[in-house]
Amino acid sequence: MCQVCPHRCKLSEGQTGRCRARKNVGGNSVSINYGKLTSIALDPIEKKPLARFYPGGMILSVGSFGCNMDCPFCQNDSISMAAENEVPTKYVAPELLADYAVRLRDDGNIGVAYTYNEPLTGFEYVRDTAKMVRALGMKNVVVTNGCFCAETLAEVLPWTDAFNIDLKGFTDEFYKKLGGDLETVEAFIKTAVQSSHVEVTTLIVPGENDSPSEMRELSGWLASVDKKIPLHVTRFFPRRKMADKQPTDIKLLYELADMASRNLDFVFVGNV
Ligand code: SF4
């Protein structure tokens, strides 16, 4: 049984898990996306999104394939929903990536962001690379859905300088629909914030998680953890299985952000 996330897939020898990124090899849950990059770009830190962590900086951002959730509105589904061999990859060893990050310093690079797909399905690569990046005096950023067991978080937390964690909504029903678990994400945020900079993102999907009462509860809970956690309230665009929906109404987006501002010190509107 893979213990990395709450799905706890029971895998027979050679079988791949629900995330398509881990496999039972010799009785162990092994990351099959280790170092296999599908995307690499030098992005503004604000694009992660992080608003209060080295603003104005750039960050070398990498992704692989696979995800342990199944959001019908995923904005990165070409890689997150892909399995091994379904998308071109290039192997980049941790030391090579860390070295590349250093060489980009003159371009404003502050470190490495593990992002685009769900990086913690392959937490070993994040951990191994982050150790080297830290040793070279640079920063590590993890962009995650936060739906991972405490032991997985513990593997990367000591080397992570900042997280952006999705809080996709605030009901068990919505999380079930997405193949995730709200309680696990709450625990992840509570632990991460104790030793790392944390910002949270909520994508507002029309008719799904856009009620004022849900935003009141979500922001109230986040404030109970720490009212200084920045919240990014972001605009949905039609994608994947929700290609027939309209983008989030901008007026509503600002109203929900206003509501969250009553509980939290820092609220940002994104994707507008
Ligand atoms: S990380 Fe992947 S293989 Fe492991 S339990 Fe989660 S979905 Fe299953």
# chains A, B, ... in the order shown; residues from 1 in each chain; ligands from 1
call {"tool": "residues_around", "arguments": {"residues": "segment 203-209 of chain A", "least_positions_apart": "4", "cutoff": "8 Å", "atoms": "only C-alpha atoms", "output": "PyMOL selection string"}}
result
chain A and resi 168-170+174+214+233-236+245-249+253
call {"tool": "write_last_selection", "arguments": {"atoms": "N, CA and C atoms", "output": "PDB file, in the first residue's frame"}}
result
ATOM      1  N   LYS A 168      -9.048  24.163  -2.299  1.00  0.00           N
ATOM      2  CA  LYS A 168      -9.901  24.229  -3.489  1.00  0.00           C
ATOM      3  C   LYS A 168     -11.341  24.594  -3.200  1.00  0.00           C
ATOM      4  N   GLY A 169     -11.702  24.538  -1.953  1.00  0.00           N
ATOM      5  CA  GLY A 169     -13.056  24.853  -1.536  1.00  0.00           C
ATOM      6  C   GLY A 169     -13.110  24.531  -0.062  1.00  0.00           C
ATOM      7  N   PHE A 170     -14.326  24.556   0.500  1.00  0.00           N
ATOM      8  CA  PHE A 170     -14.355  24.295   1.929  1.00  0.00           C
ATOM      9  C   PHE A 170     -15.475  23.345   2.313  1.00  0.00           C
ATOM     10  N   PHE A 174     -17.210  18.858  -2.150  1.00  0.00           N
ATOM     11  CA  PHE A 174     -16.439  19.380  -3.273  1.00  0.00           C
ATOM     12  C   PHE A 174     -15.105  18.640  -3.376  1.00  0.00           C
ATOM     13  N   GLU A 214     -19.417  29.962   1.685  1.00  0.00           N
ATOM     14  CA  GLU A 214     -18.239  29.079   1.645  1.00  0.00           C
ATOM     15  C   GLU A 214     -16.954  29.896   1.798  1.00  0.00           C
ATOM     16  N   VAL A 233      -7.355  34.590  -4.473  1.00  0.00           N
ATOM     17  CA  VAL A 233      -8.679  34.200  -4.979  1.00  0.00           C
ATOM     18  C   VAL A 233      -8.583  34.356  -6.489  1.00  0.00           C
ATOM     19  N   THR A 234      -8.617  33.239  -7.217  1.00  0.00           N
ATOM     20  CA  THR A 234      -8.270  33.323  -8.637  1.00  0.00           C
ATOM     21  C   THR A 234      -9.435  32.945  -9.547  1.00  0.00           C
ATOM     22  N   ARG A 235      -9.332  33.456 -10.761  1.00  0.00           N
ATOM     23  CA  ARG A 235     -10.412  33.313 -11.738  1.00  0.00           C
ATOM     24  C   ARG A 235     -10.269  32.021 -12.530  1.00  0.00           C
ATOM     25  N   PHE A 236     -11.372  31.305 -12.628  1.00  0.00           N
ATOM     26  CA  PHE A 236     -11.441  30.073 -13.422  1.00  0.00           C
ATOM     27  C   PHE A 236     -11.624  30.423 -14.891  1.00  0.00           C
ATOM     28  N   LYS A 245     -18.200  25.703 -19.289  1.00  0.00           N
ATOM     29  CA  LYS A 245     -18.583  26.743 -18.312  1.00  0.00           C
ATOM     30  C   LYS A 245     -18.056  28.105 -18.722  1.00  0.00           C
ATOM     31  N   GLN A 246     -18.644  29.134 -18.152  1.00  0.00           N
ATOM     32  CA  GLN A 246     -18.163  30.501 -18.365  1.00  0.00           C
ATOM     33  C   GLN A 246     -17.017  30.785 -17.385  1.00  0.00           C
ATOM     34  N   PRO A 247     -16.110  31.684 -17.740  1.00  0.00           N
ATOM     35  CA  PRO A 247     -15.096  32.102 -16.737  1.00  0.00           C
ATOM     36  C   PRO A 247     -15.796  32.734 -15.534  1.00  0.00           C
ATOM     37  N   THR A 248     -15.117  32.768 -14.403  1.00  0.00           N
ATOM     38  CA  THR A 248     -15.692  33.367 -13.199  1.00  0.00           C
ATOM     39  C   THR A 248     -16.003  34.841 -13.447  1.00  0.00           C
ATOM     40  N   ASP A 249     -17.175  35.252 -13.019  1.00  0.00           N
ATOM     41  CA  ASP A 249     -17.576  36.651 -13.124  1.00  0.00           C
ATOM     42  C   ASP A 249     -16.614  37.518 -12.293  1.00  0.00           C
ATOM     43  N   LEU A 253     -15.793  37.706  -8.205  1.00  0.00           N
ATOM     44  CA  LEU A 253     -14.443  37.405  -7.704  1.00  0.00           C
ATOM     45  C   LEU A 253     -13.996  38.473  -6.695  1.00  0.00           C
TER      46      LEU A 253
END
call {"tool": "select_by_dssp", "arguments": {"residues": "segment 125-260 of chain A", "states": "alpha helix (DSSP H)", "output": "VMD selection string"}}
result
chain A and resid 125 to 135 150 to 156 172 to 177 182 to 195 212 to 226 250 to 260
call {"tool": "residues_near_ligand", "arguments": {"ligand": "ligand 1", "cutoff": "12 Å", "atoms": "only C-alpha atoms and all ligand atoms", "output": "ChimeraX atom specification"}}
result
/A:1-12,14-25,28-33,65-70,81,83,118-124,146-149,151-152,179-181
call {"tool": "residues_around", "arguments": {"residues": "Lys190 of chain A", "least_positions_apart": "3", "cutoff": "10 Å", "atoms": "only C-alpha atoms", "output": "PDB file with N, CA, C and O atoms, in the first residue's frame"}}
result
ATOM      1  N   THR A 184      -7.175  16.398   5.189  1.00  0.00           N
ATOM      2  CA  THR A 184      -5.737  16.219   4.934  1.00  0.00           C
ATOM      3  C   THR A 184      -5.095  17.543   4.525  1.00  0.00           C
ATOM      4  O   THR A 184      -3.997  17.890   4.977  1.00  0.00           O
ATOM      5  N   VAL A 185      -5.781  18.307   3.684  1.00  0.00           N
ATOM      6  CA  VAL A 185      -5.239  19.586   3.217  1.00  0.00           C
ATOM      7  C   VAL A 185      -5.150  20.568   4.387  1.00  0.00           C
ATOM      8  O   VAL A 185      -4.154  21.295   4.524  1.00  0.00           O
ATOM      9  N   GLU A 186      -6.155  20.578   5.238  1.00  0.00           N
ATOM     10  CA  GLU A 186      -6.125  21.460   6.415  1.00  0.00           C
ATOM     11  C   GLU A 186      -4.914  21.132   7.299  1.00  0.00           C
ATOM     12  O   GLU A 186      -4.193  22.029   7.753  1.00  0.00           O
ATOM     13  N   ALA A 187      -4.703  19.836   7.519  1.00  0.00           N
ATOM     14  CA  ALA A 187      -3.570  19.413   8.363  1.00  0.00           C
ATOM     15  C   ALA A 187      -2.250  19.810   7.718  1.00  0.00           C
ATOM     16  O   ALA A 187      -1.306  20.248   8.394  1.00  0.00           O
ATOM     17  N   VAL A 193       2.819  25.814   7.774  1.00  0.00           N
ATOM     18  CA  VAL A 193       2.931  27.216   8.182  1.00  0.00           C
ATOM     19  C   VAL A 193       3.823  27.381   9.418  1.00  0.00           C
ATOM     20  O   VAL A 193       4.326  28.473   9.677  1.00  0.00           O
ATOM     21  N   GLN A 194       4.040  26.288  10.131  1.00  0.00           N
ATOM     22  CA  GLN A 194       4.875  26.381  11.342  1.00  0.00           C
ATOM     23  C   GLN A 194       6.352  26.613  11.030  1.00  0.00           C
ATOM     24  O   GLN A 194       7.086  27.141  11.854  1.00  0.00           O
ATOM     25  N   SER A 195       6.805  26.153   9.836  1.00  0.00           N
ATOM     26  CA  SER A 195       8.234  26.321   9.574  1.00  0.00           C
ATOM     27  C   SER A 195       8.551  26.829   8.169  1.00  0.00           C
ATOM     28  O   SER A 195       9.700  26.793   7.745  1.00  0.00           O
ATOM     29  N   VAL A 198       3.928  30.354   3.808  1.00  0.00           N
ATOM     30  CA  VAL A 198       2.803  29.686   3.137  1.00  0.00           C
ATOM     31  C   VAL A 198       1.846  30.727   2.556  1.00  0.00           C
ATOM     32  O   VAL A 198       1.485  31.690   3.235  1.00  0.00           O
ATOM     33  N   LEU A 222      -8.879  29.809   7.686  1.00  0.00           N
ATOM     34  CA  LEU A 222      -7.485  30.164   7.414  1.00  0.00           C
ATOM     35  C   LEU A 222      -6.993  31.188   8.442  1.00  0.00           C
ATOM     36  O   LEU A 222      -5.866  31.091   8.935  1.00  0.00           O
ATOM     37  N   SER A 224      -8.006  31.426  11.424  1.00  0.00           N
ATOM     38  CA  SER A 224      -7.829  30.755  12.717  1.00  0.00           C
ATOM     39  C   SER A 224      -6.454  30.075  12.785  1.00  0.00           C
ATOM     40  O   SER A 224      -5.916  29.843  13.868  1.00  0.00           O
ATOM     41  N   VAL A 225      -5.889  29.756  11.618  1.00  0.00           N
ATOM     42  CA  VAL A 225      -4.524  29.204  11.587  1.00  0.00           C
ATOM     43  C   VAL A 225      -3.531  30.365  11.731  1.00  0.00           C
ATOM     44  O   VAL A 225      -2.650  30.344  12.592  1.00  0.00           O
ATOM     45  N   ASP A 226      -3.698  31.392  10.865  1.00  0.00           N
ATOM     46  CA  ASP A 226      -2.861  32.595  10.945  1.00  0.00           C
ATOM     47  C   ASP A 226      -3.464  33.626   9.983  1.00  0.00           C
ATOM     48  O   ASP A 226      -3.507  33.379   8.768  1.00  0.00           O
TER      49      ASP A 226
END
call {"tool": "atom_distance", "arguments": {"atom1": "atom CA of Ser39 of chain A", "atom2": "atom CA of Leu60 of chain A"}}
result
10.5 Å
call {"tool": "atom_distance", "arguments": {"atom1": "atom CA of Asp77 of chain A", "atom2": "atom CA of Val62 of chain A"}}
result
15.3 Å
